[in-house]
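Student: Okay, so here is input.cif, and as you'll see once you scroll down, it has mmCIF, C-alpha atoms and all ligand atoms.
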```cif
data_work
loop_
_atom_site.label_atom_id
_atom_site.label_comp_id
_atom_site.auth_asym_id
_atom_site.auth_seq_id
_atom_site.Cartn_x
_atom_site.Cartn_y
_atom_site.Cartn_z
CA MET J 1 31.91 55.40 -23.01
CA GLU J 2 32.68 52.00 -21.52
CA HIS J 3 35.84 52.07 -19.39
CA VAL J 4 38.53 49.93 -21.04
CA PRO J 5 41.16 49.09 -18.40
CA VAL J 6 44.61 50.37 -19.35
CA LEU J 7 47.68 48.09 -19.28
CA LEU J 8 45.49 45.34 -17.83
CA LYS J 9 47.66 42.35 -18.73
CA GLU J 10 50.91 44.09 -17.78
CA ALA J 11 49.50 45.21 -14.40
CA ILE J 12 48.07 41.82 -13.49
CA ASP J 13 51.20 39.94 -14.62
CA LEU J 14 53.36 42.27 -12.54
CA LEU J 15 51.13 41.87 -9.48
CA ASP J 16 51.85 38.13 -9.77
CA VAL J 17 48.55 37.28 -8.04
CA LYS J 18 48.75 34.30 -5.67
CA LYS J 19 45.48 32.50 -5.20
CA ASP J 20 45.51 32.73 -1.41
CA GLY J 21 46.97 36.25 -1.21
CA THR J 22 45.49 39.53 -0.02
CA TYR J 23 45.24 42.26 -2.65
CA VAL J 24 44.19 45.88 -2.73
CA ASP J 25 42.84 47.77 -5.72
CA LEU J 26 43.03 51.42 -4.68
CA THR J 27 41.05 52.62 -7.72
CA LEU J 28 38.14 50.27 -8.34
CA GLY J 29 36.53 52.37 -11.09
CA ARG J 30 34.39 50.09 -13.28
CA GLY J 31 36.17 47.04 -11.86
CA GLY J 32 38.29 46.00 -14.85
CA HIS J 33 41.49 45.40 -12.88
CA SER J 34 39.61 44.22 -9.77
CA CYS J 35 37.72 41.53 -11.73
CA ALA J 36 41.00 40.29 -13.21
CA ILE J 37 42.55 40.02 -9.72
CA LEU J 38 39.44 38.39 -8.25
CA SER J 39 39.32 35.78 -11.02
CA ARG J 40 42.81 34.61 -9.97
CA LEU J 41 41.94 34.22 -6.28
CA ASP J 42 40.84 31.07 -4.53
CA LYS J 43 41.09 31.56 -0.75
CA GLY J 44 42.60 35.02 -1.19
CA ARG J 45 40.80 38.34 -0.71
CA LEU J 46 40.49 41.62 -2.50
CA PHE J 47 39.87 45.03 -0.94
CA ALA J 48 38.80 47.65 -3.49
CA PHE J 49 38.68 51.39 -2.81
CA ASP J 50 36.86 54.19 -4.58
CA VAL J 51 35.51 57.60 -3.58
CA ASP J 52 32.87 57.62 -6.28
CA PRO J 53 29.55 56.03 -5.26
CA THR J 54 28.54 55.62 -8.93
CA ALA J 55 31.69 53.63 -9.70
CA ILE J 56 31.00 51.42 -6.68
CA TYR J 57 27.32 50.94 -7.60
CA GLU J 58 28.22 49.91 -11.14
CA SER J 59 31.18 47.68 -10.39
CA ARG J 60 29.75 45.72 -7.45
CA PRO J 61 27.61 43.37 -9.62
CA ARG J 62 30.58 42.90 -11.97
CA LEU J 63 32.76 41.75 -9.10
CA GLU J 64 29.96 39.56 -7.70
CA SER J 65 29.72 37.77 -11.03
CA VAL J 66 33.42 36.82 -10.70
CA GLY J 67 33.71 35.83 -7.03
CA GLY J 68 32.69 36.60 -3.49
CA ASN J 69 36.00 37.21 -1.69
CA PHE J 70 35.99 40.99 -1.89
CA GLU J 71 35.12 44.03 0.12
CA ILE J 72 34.51 47.44 -1.43
CA ILE J 73 35.64 50.35 0.74
CA GLU J 74 34.16 53.75 -0.04
CA ALA J 75 37.10 55.88 1.05
CA ASN J 76 39.95 57.95 -0.26
CA PHE J 77 43.10 55.92 -0.84
CA ALA J 78 45.06 58.62 1.01
CA LYS J 79 44.39 56.66 4.19
CA PHE J 80 44.19 53.17 2.79
CA ASP J 81 46.46 51.77 5.50
CA SER J 82 44.19 52.85 8.35
CA GLU J 83 41.11 51.52 6.51
CA LEU J 84 42.83 48.15 6.19
CA LEU J 85 44.06 48.20 9.78
CA LYS J 86 40.47 48.81 10.94
CA ARG J 87 39.66 45.52 9.24
CA GLY J 88 42.55 43.70 10.92
CA VAL J 89 44.70 43.65 7.77
CA THR J 90 48.30 44.56 8.62
CA SER J 91 50.03 43.57 5.40
CA VAL J 92 49.08 42.68 1.83
CA ASP J 93 50.59 40.80 -1.11
CA GLY J 94 49.75 43.33 -3.78
CA ILE J 95 48.60 46.90 -4.24
CA LEU J 96 47.33 48.34 -7.52
CA ALA J 97 46.51 51.95 -8.37
CA ASP J 98 45.22 53.05 -11.78
CA LEU J 99 44.99 56.79 -11.25
CA GLY J 100 42.66 59.46 -12.56
CA VAL J 101 39.05 59.65 -13.69
CA SER J 102 37.38 56.70 -15.39
CA SER J 103 36.03 57.16 -18.92
CA PRO J 104 32.29 56.93 -18.04
CA ASP J 105 32.70 59.69 -15.44
CA PHE J 106 34.78 61.81 -17.80
CA ASP J 107 32.15 61.43 -20.52
CA ASP J 108 29.18 62.11 -18.22
CA GLU J 109 28.56 65.83 -18.68
CA LYS J 110 26.78 65.98 -15.31
CA ARG J 111 30.12 65.30 -13.56
CA GLY J 112 31.62 68.42 -15.13
CA PHE J 113 35.02 67.01 -16.19
CA SER J 114 34.62 67.45 -19.94
CA TYR J 115 35.75 70.47 -21.92
CA SER J 116 33.81 69.29 -24.96
CA LYS J 117 30.37 68.57 -23.47
CA ASP J 118 28.37 71.15 -21.55
CA GLY J 119 27.59 70.46 -17.92
CA PRO J 120 27.78 72.04 -14.48
CA LEU J 121 31.35 72.91 -13.47
CA ASP J 122 31.98 70.24 -10.86
CA MET J 123 34.94 67.82 -11.38
CA ARG J 124 34.64 66.20 -7.95
CA MET J 125 35.44 62.47 -8.05
CA ASP J 126 34.07 62.30 -4.50
CA PRO J 127 30.75 64.17 -4.60
CA SER J 128 30.97 64.89 -0.87
CA LEU J 129 34.05 67.10 -1.25
CA PRO J 130 33.27 70.65 -0.12
CA VAL J 131 34.90 72.53 -3.02
CA SER J 132 33.92 72.02 -6.66
CA ALA J 133 35.46 73.41 -9.86
CA ARG J 134 32.80 76.12 -9.80
CA ASP J 135 34.11 77.30 -6.42
CA VAL J 136 37.73 77.23 -7.60
CA VAL J 137 36.98 79.15 -10.80
CA ASN J 138 34.72 81.75 -9.20
CA ARG J 139 36.37 82.26 -5.79
CA TYR J 140 40.14 81.83 -6.05
CA ASP J 141 42.05 85.06 -6.64
CA GLU J 142 43.87 85.61 -9.92
CA ARG J 143 47.31 84.79 -8.54
CA ARG J 144 46.18 81.50 -7.05
CA LEU J 145 44.36 80.49 -10.24
CA SER J 146 47.40 81.32 -12.32
CA ASP J 147 49.69 79.28 -10.02
CA ILE J 148 47.40 76.27 -10.15
CA ILE J 149 47.06 76.35 -13.95
CA TYR J 150 50.82 76.70 -14.31
CA ARG J 151 51.82 74.08 -11.73
CA TYR J 152 49.16 71.44 -12.30
CA GLY J 153 48.46 72.05 -15.99
CA GLU J 154 51.95 73.15 -17.04
CA ASP J 155 50.15 75.63 -19.30
CA PRO J 156 52.45 78.47 -20.44
CA ASP J 157 49.40 80.72 -20.84
CA ALA J 158 48.41 80.33 -17.17
CA ARG J 159 48.53 84.07 -16.42
CA ARG J 160 46.48 85.02 -19.47
CA ILE J 161 43.90 82.36 -18.62
CA ALA J 162 43.63 83.43 -14.96
CA ARG J 163 43.20 87.06 -16.02
CA ALA J 164 40.45 86.10 -18.50
CA ILE J 165 38.62 83.99 -15.90
CA VAL J 166 38.62 86.85 -13.40
CA ALA J 167 37.39 89.33 -16.04
CA ALA J 168 34.61 86.98 -17.18
CA ARG J 169 33.35 86.22 -13.68
CA GLU J 170 33.06 89.94 -12.90
CA GLU J 171 30.32 90.00 -15.55
CA LYS J 172 28.63 86.78 -14.45
CA GLU J 173 29.48 83.67 -12.41
CA ILE J 174 31.05 80.96 -14.58
CA ALA J 175 28.70 78.00 -14.22
CA THR J 176 29.30 75.47 -16.97
CA THR J 177 32.18 73.54 -18.51
CA LEU J 178 31.70 74.99 -21.99
CA GLU J 179 31.57 78.56 -20.65
CA LEU J 180 34.94 77.93 -18.99
CA ALA J 181 36.38 76.12 -22.04
CA GLU J 182 35.43 79.07 -24.26
CA ILE J 183 37.03 81.62 -21.89
CA ILE J 184 40.24 79.56 -21.82
CA LYS J 185 40.27 79.12 -25.60
CA GLU J 186 39.88 82.85 -26.16
CA ALA J 187 42.62 83.64 -23.64
CA LYS J 188 45.26 81.42 -25.20
CA SER J 189 48.06 82.90 -27.23
CA PRO J 190 47.88 82.18 -30.98
CA LYS J 191 51.02 80.02 -30.65
CA GLU J 192 49.48 77.82 -27.95
CA ARG J 193 46.09 77.73 -29.68
CA ALA J 194 47.73 76.39 -32.83
CA LYS J 195 49.07 73.35 -30.94
CA LYS J 196 47.44 69.94 -31.23
CA GLY J 197 44.79 68.98 -28.68
CA HIS J 198 41.99 70.93 -27.06
CA PRO J 199 43.19 74.36 -25.87
CA ALA J 200 41.46 73.92 -22.50
CA LYS J 201 42.88 70.47 -21.78
CA GLN J 202 45.76 71.57 -19.53
CA ALA J 203 43.78 74.15 -17.54
CA PHE J 204 40.95 71.65 -17.00
CA GLN J 205 43.48 69.07 -15.77
CA ALA J 206 44.89 71.67 -13.38
CA ILE J 207 41.51 72.57 -11.90
CA ARG J 208 40.59 68.90 -11.55
CA ILE J 209 43.85 68.20 -9.68
CA GLU J 210 43.14 71.13 -7.35
CA VAL J 211 39.53 70.10 -6.68
CA ASN J 212 40.46 66.51 -5.85
CA HIS J 213 43.84 67.26 -4.17
CA GLU J 214 45.17 64.61 -6.51
CA LEU J 215 48.89 65.10 -5.93
CA ASP J 216 48.56 65.35 -2.14
CA VAL J 217 46.54 62.15 -1.87
CA LEU J 218 48.92 60.38 -4.25
CA GLU J 219 51.91 61.34 -2.08
CA ALA J 220 50.11 60.20 1.06
CA MET J 221 49.21 56.89 -0.55
CA LEU J 222 52.76 56.31 -1.86
CA GLY J 223 54.05 56.91 1.66
CA GLU J 224 51.85 54.11 3.04
CA ILE J 225 52.84 51.45 0.51
CA PRO J 226 56.12 50.33 2.16
CA GLY J 227 54.47 49.82 5.55
CA MET J 228 51.71 47.62 4.09
CA LEU J 229 53.58 45.36 1.66
CA ALA J 230 54.37 41.84 2.89
CA PRO J 231 57.70 40.21 1.92
CA LYS J 232 57.53 39.47 -1.83
CA GLY J 233 54.52 41.82 -1.99
CA ARG J 234 54.26 44.07 -5.04
CA ALA J 235 52.89 47.52 -5.79
CA VAL J 236 51.87 48.56 -9.30
CA VAL J 237 50.93 52.15 -10.13
CA ILE J 238 49.59 53.42 -13.48
CA THR J 239 49.77 57.18 -14.07
CA PHE J 240 48.40 59.41 -16.83
CA HIS J 241 50.48 62.57 -16.72
CA SER J 242 54.01 63.64 -15.91
CA LEU J 243 53.19 65.24 -12.53
CA GLU J 244 51.81 61.95 -11.22
CA ASP J 245 54.57 59.89 -12.79
CA ARG J 246 57.26 62.10 -11.27
CA LEU J 247 55.90 61.47 -7.76
CA VAL J 248 55.71 57.72 -8.28
CA LYS J 249 59.18 57.59 -9.82
CA ARG J 250 60.65 59.56 -6.91
CA ALA J 251 58.90 57.49 -4.23
CA PHE J 252 59.86 54.16 -5.82
CA ARG J 253 63.46 55.28 -6.42
CA SER J 254 63.89 56.21 -2.78
CA LEU J 255 62.72 52.73 -1.79
CA THR J 256 64.78 50.79 -4.30
CA ARG J 257 68.11 52.61 -4.22
CA ALA J 258 70.73 52.23 -1.51
CA LYS J 259 70.85 55.21 0.85
CA GLN J 260 74.18 56.94 0.31
CA GLY J 261 76.36 58.09 3.18
CA ASN J 262 78.22 61.41 3.17
CA ARG J 263 80.81 61.17 0.37
CA ASN J 264 83.05 63.68 2.15
CA ASP J 265 83.18 61.49 5.20
CA PRO J 266 84.26 57.99 4.08
CA SER J 267 83.76 56.59 7.57
CA SER J 268 80.01 57.34 7.31
CA LEU J 269 79.60 55.42 4.08
CA LYS J 270 79.68 51.96 5.55
CA SER J 271 77.37 52.59 8.47
CA ASP J 272 74.88 54.74 6.51
CA GLU J 273 74.70 52.63 3.42
CA LYS J 274 71.57 50.58 3.85
CA GLU J 275 70.65 47.75 1.56
CA PRO J 276 67.26 48.74 0.03
CA GLU J 277 64.29 46.62 1.07
CA PHE J 278 62.59 46.93 -2.32
CA ILE J 279 63.39 45.93 -5.90
CA ASP J 280 62.50 48.10 -8.88
CA LEU J 281 60.58 45.83 -11.29
CA THR J 282 60.35 48.52 -13.98
CA PRO J 283 63.65 50.45 -14.32
CA HIS J 284 61.98 51.80 -17.46
CA PRO J 285 58.26 52.41 -16.97
CA LEU J 286 55.96 50.25 -19.10
CA VAL J 287 53.85 52.01 -21.72
CA ALA J 288 50.99 50.70 -23.82
CA GLY J 289 51.84 48.67 -26.91
CA GLU J 290 50.92 49.72 -30.42
CA GLU J 291 47.65 47.79 -30.53
CA GLU J 292 46.40 49.19 -27.20
CA ARG J 293 47.42 52.70 -28.21
CA LYS J 294 45.33 52.39 -31.36
CA GLU J 295 42.29 50.98 -29.58
CA ASN J 296 42.25 53.03 -26.38
CA ARG J 297 43.16 56.70 -26.48
CA ARG J 298 43.38 56.80 -22.67
CA SER J 299 46.38 54.50 -22.87
CA LEU J 300 48.44 57.01 -24.87
CA SER J 301 49.77 58.87 -21.84
CA SER J 302 49.86 55.92 -19.43
CA LYS J 303 52.98 54.76 -17.60
CA LEU J 304 53.26 51.81 -15.26
CA ARG J 305 55.81 51.44 -12.47
CA ALA J 306 56.17 48.55 -10.05
CA ILE J 307 58.23 47.51 -7.03
CA GLU J 308 58.58 44.38 -4.90
CA ARG J 309 59.50 44.05 -1.25
CA LYS J 310 62.40 41.66 -0.90
CA GLY J 311 61.63 38.46 0.94
CA ASP J 312 62.74 34.88 1.54
C1 LIG P 401 41.05 55.25 -13.91
S1 LIG P 401 39.77 54.80 -12.85
C2 LIG P 401 40.14 53.11 -12.48
C3 LIG P 401 39.63 52.17 -13.49
C4 LIG P 401 39.71 50.72 -13.09
N1 LIG P 401 41.08 50.27 -12.95
C5 LIG P 401 38.96 49.86 -14.08
O1 LIG P 401 39.58 48.97 -14.68
O2 LIG P 401 37.76 50.06 -14.24
C6 LIG P 401 40.17 55.55 -11.35
C7 LIG P 401 39.12 55.39 -10.27
O3 LIG P 401 39.74 55.75 -9.04
C8 LIG P 401 38.90 56.58 -8.29
N2 LIG P 401 39.78 57.43 -7.50
C9 LIG P 401 40.57 58.43 -7.95
N3 LIG P 401 41.23 59.00 -6.93
C10 LIG P 401 40.88 58.31 -5.80
C11 LIG P 401 41.26 58.41 -4.44
N4 LIG P 401 42.11 59.33 -4.02
N5 LIG P 401 40.74 57.52 -3.57
C12 LIG P 401 39.87 56.56 -3.99
N6 LIG P 401 39.46 56.44 -5.28
C13 LIG P 401 39.96 57.29 -6.18
C14 LIG P 401 38.07 57.33 -9.31
O4 LIG P 401 36.82 57.71 -8.73
C15 LIG P 401 37.92 56.30 -10.43
O5 LIG P 401 36.74 55.56 -10.29
#
```
Take the structure in this file and express it as structure tokens.
Ligand SMILES: C[S@@+](CC[C@H](N)C(=O)[O-])C[C@H]1O[C@@H](n2cnc3c(N)ncnc32)[C@H](O)[C@@H]1O
Tutor:
Amino acid sequence: MEHVPVLLKEAIDLLDVKKDGTYVDLTLGRGGHSCAILSRLDKGRLFAFDVDPTAIYESRPRLESVGGNFEIIEANFAKFDSELLKRGVTSVDGILADLGVSSPDFDDEKRGFSYSKDGPLDMRMDPSLPVSARDVVNRYDERRLSDIIYRYGEDPDARRIARAIVAAREEKEIATTLELAEIIKEAKSPKERAKKGHPAKQAFQAIRIEVNHELDVLEAMLGEIPGMLAPKGRAVVITFHSLEDRLVKRAFRSLTRAKQGNRNDPSSLKSDEKEPEFIDLTPHPLVAGEEERKENRRSLSSKLRAIERKGD
């Protein structure tokens, strides 16, 4: 399936692209957001990150057809600041992240993300990562599997699923996505199985988060944003599930709210109370409008949050 960029207009409007500014797209994907940024630049530049060589291969010609002022960086966004510093870039005017897996990768059974198409259990966005979903499912002990499925998938049947995985792999190594999806489906309680949506959706999400260290790299990236944003610079982050959104909300809140002193010690209030350096541009996160929700299923769970560094 073609990747339809989510919340494209909202994200680009909020980035407020200046034609001579420096911008970073941390999740190039198929280049939807990057092309929109690039088309607004004149002397400005765009740096676009991705860990997936296929995404880079496919989006490069798209970007080239829009403009030449870009560099694609094949690296994890967890260390985007050091990648930019290596290139002499010490601050930027805008940072965009549109998290998760892009639709063409999700739909490509060879990548092993899909619970509805059979393929090798893989789920690595970066194919050079040492641990795939097959390793997680066949090597982690039951307790660890159960914790992951509960924490990252918020699946109430995590223990049942972990037990079923361990029992199945004692017979034979679990090698494909549909084998795993079937084991999960069978393990679910009747109550959970009766719910809407694919019964393996949450456990697959959990294993994918584990394989790609998605929450750790997101936290690392969020921690680098304040140090890289120029005055008036903006950061826009689009998330697709509550675990991601919670991290973004927390990080942005801590940047945009005044640090409180110790309420029991009034003398500390004045000295400790620091005016925040950032403004919250989305006190309520933006969600997709009705039309986008109808046309693009991926948009259903999306949330967009944005901040701006104060400046003159
Ligand atoms: C949802 S897609 C982005 C789609 C893009 N905005 C578009 O319009 O085509 C997310 C992309 O980010 C990449 N990605 C995810 N996590 C990453 C990370 N930690 N570092 C670099 N790239 C990452 C994925 O490989 C995927 O191509």
Student: When you draw a straight line from atom CA of J:Ile95 to atom CA of J:Phe80, how long is it in Å?
Tutor: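 Atom CA of J:Ile95 sits 10.4 Å away from atom CA of J:Phe80.
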Student: For ligand LIG 401 (chain P), which residue among J:Arg160, J:Arg124, J:Lys201, J:Arg293 is the nearest when counting only C-alpha atoms and all ligand atoms?
Tutor: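 Between J:Arg160, J:Arg124, J:Lys201, J:Arg293, the residue approaching ligand LIG 401 (chain P) most closely is J:Arg124.
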Student: If we draw a sphere of 10 Å around (38.2, 35.3, -10.1), which residues have at least one atom in it when counting all atoms listed in the file? Please report them as a ChimeraX atom specification.
Tutor: /J:19,34-42,44,63-69
Student: For ligand LIG 401 (chain P), list the contacting residues at 6 Å or closer, counting all atoms listed in the file, as a PyMOL selection string.
Tutor: chain J and resi 3+5+27-33+49-52+55+75-78+98-102+125+217
Student: If you count all atoms listed in the file, which residues fall within 10 Å of stretch 127-137 of chain J, apart from same-chain ones fewer than 3 positions away, as a PyMOL selection string?
Tutor: chain J and resi 51-54+111-113+120-124+140-142+144-145+162+165-166+169+173-177+180+204+207-212
Student: Give as a list in words the set of residues within 10 Å of the point (52.5, 62.4, -7.7), where distances use the file's coordinates and all atoms listed in the file.
Tutor: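 With a cut-off of 10 Å, the residues come to Glu214, Leu215, Asp216, Val217, Leu218, Glu219, Ala220, Met221, Leu222, Thr239, His241, Ser242, Leu243, Glu244, Asp245, Arg246, Leu247, Val248, Lys249, Arg250 and Ala251 of chain J.
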Student: What does the distance between atom CA of J:Glu291 and atom CA of J:Val4 come to in Å, to one decimal place?
Tutor: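 Straight-line distance from atom CA of J:Glu291 to atom CA of J:Val4 works out to 13.3 Å.
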Student: Nearest to J:Asn296 among J:Glu192, J:Asp312, J:Glu2, J:Glu109, with distances taken over only C-alpha atoms: which residue is it?
Tutor: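 Closest residue, counting only C-alpha atoms: J:Glu2.
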Student: Measuring between only C-alpha atoms, which one of J:Arg297, J:Lys232, J:His284, J:Arg309 shows the shortest distance to J:Asp16?
Tutor: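 Comparing J:Arg297, J:Lys232, J:His284, J:Arg309 against J:Asp16, the winner is J:Lys232.
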Student: Give me, please, the distance in Å between atom CA of J:Ala206 and atom CA of J:Pro285, quoted to one decimal.
Tutor: 23.7 Å
Student: Using all atoms listed in the file, find the one residue out of J:Asn138, J:Ser301, J:Ser91, J:Gln202 that sits nearest to J:Pro226.
Tutor: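 Looking at the shortest contact to J:Pro226, the residue is J:Ser91.
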Student: Is it possible to add N, CA and C atoms to stretch 191-220 of chain J and hand it back as a compact mmCIF listing (two decimals), in the coordinates of the input?
Tutor:
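The resulting file, part13.txt, is shown below:
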```txt
# COMPACT_ATOMS: atom_id res chain seq x y z
N LYS J 191 50.04 81.11 -30.55
CA LYS J 191 51.02 80.02 -30.65
C LYS J 191 50.50 78.75 -29.94
N GLU J 192 49.98 78.95 -28.73
CA GLU J 192 49.48 77.82 -27.95
C GLU J 192 48.20 77.25 -28.57
N ARG J 193 47.36 78.17 -29.09
CA ARG J 193 46.09 77.73 -29.68
C ARG J 193 46.32 76.87 -30.93
N ALA J 194 47.44 77.13 -31.59
CA ALA J 194 47.73 76.39 -32.83
C ALA J 194 48.22 74.96 -32.55
N LYS J 195 48.55 74.69 -31.27
CA LYS J 195 49.07 73.35 -30.94
C LYS J 195 47.96 72.30 -31.02
N LYS J 196 48.41 71.04 -31.14
CA LYS J 196 47.44 69.94 -31.23
C LYS J 196 46.72 69.77 -29.89
N GLY J 197 45.52 69.24 -29.92
CA GLY J 197 44.79 68.98 -28.68
C GLY J 197 43.90 70.15 -28.33
N HIS J 198 42.94 69.89 -27.45
CA HIS J 198 41.99 70.93 -27.06
C HIS J 198 42.71 72.02 -26.26
N PRO J 199 42.46 73.30 -26.58
CA PRO J 199 43.19 74.36 -25.87
C PRO J 199 42.89 74.43 -24.37
N ALA J 200 41.78 73.84 -23.93
CA ALA J 200 41.46 73.92 -22.50
C ALA J 200 41.93 72.69 -21.73
N LYS J 201 42.55 71.75 -22.41
CA LYS J 201 42.88 70.47 -21.78
C LYS J 201 43.76 70.66 -20.52
N GLN J 202 44.82 71.45 -20.66
CA GLN J 202 45.76 71.57 -19.53
C GLN J 202 45.14 72.32 -18.35
N ALA J 203 44.39 73.38 -18.64
CA ALA J 203 43.78 74.15 -17.54
C ALA J 203 42.70 73.31 -16.85
N PHE J 204 41.95 72.53 -17.63
CA PHE J 204 40.95 71.65 -17.00
C PHE J 204 41.64 70.61 -16.11
N GLN J 205 42.75 70.05 -16.59
CA GLN J 205 43.48 69.07 -15.77
C GLN J 205 43.92 69.73 -14.46
N ALA J 206 44.39 70.97 -14.56
CA ALA J 206 44.89 71.67 -13.38
C ALA J 206 43.78 71.87 -12.35
N ILE J 207 42.62 72.30 -12.83
CA ILE J 207 41.51 72.57 -11.90
C ILE J 207 41.02 71.26 -11.27
N ARG J 208 41.01 70.21 -12.07
CA ARG J 208 40.59 68.90 -11.55
C ARG J 208 41.57 68.42 -10.46
N ILE J 209 42.86 68.62 -10.69
CA ILE J 209 43.85 68.20 -9.68
C ILE J 209 43.65 68.99 -8.39
N GLU J 210 43.36 70.28 -8.53
CA GLU J 210 43.14 71.13 -7.35
C GLU J 210 41.88 70.68 -6.59
N VAL J 211 40.80 70.47 -7.32
CA VAL J 211 39.53 70.10 -6.68
C VAL J 211 39.68 68.80 -5.89
N ASN J 212 40.37 67.83 -6.47
CA ASN J 212 40.46 66.51 -5.85
C ASN J 212 41.75 66.30 -5.04
N HIS J 213 42.57 67.35 -4.90
CA HIS J 213 43.84 67.26 -4.17
C HIS J 213 44.66 66.07 -4.66
N GLU J 214 44.66 65.87 -5.97
CA GLU J 214 45.17 64.61 -6.51
C GLU J 214 46.63 64.33 -6.17
N LEU J 215 47.46 65.37 -6.18
CA LEU J 215 48.89 65.10 -5.93
C LEU J 215 49.15 64.87 -4.44
N ASP J 216 48.39 65.56 -3.59
CA ASP J 216 48.56 65.35 -2.14
C ASP J 216 48.14 63.93 -1.75
N VAL J 217 46.99 63.49 -2.27
CA VAL J 217 46.54 62.15 -1.87
C VAL J 217 47.44 61.07 -2.46
N LEU J 218 47.99 61.35 -3.65
CA LEU J 218 48.92 60.38 -4.25
C LEU J 218 50.18 60.26 -3.38
N GLU J 219 50.70 61.39 -2.93
CA GLU J 219 51.91 61.34 -2.08
C GLU J 219 51.64 60.60 -0.78
N ALA J 220 50.46 60.89 -0.20
CA ALA J 220 50.11 60.20 1.06
C ALA J 220 50.03 58.70 0.83
```
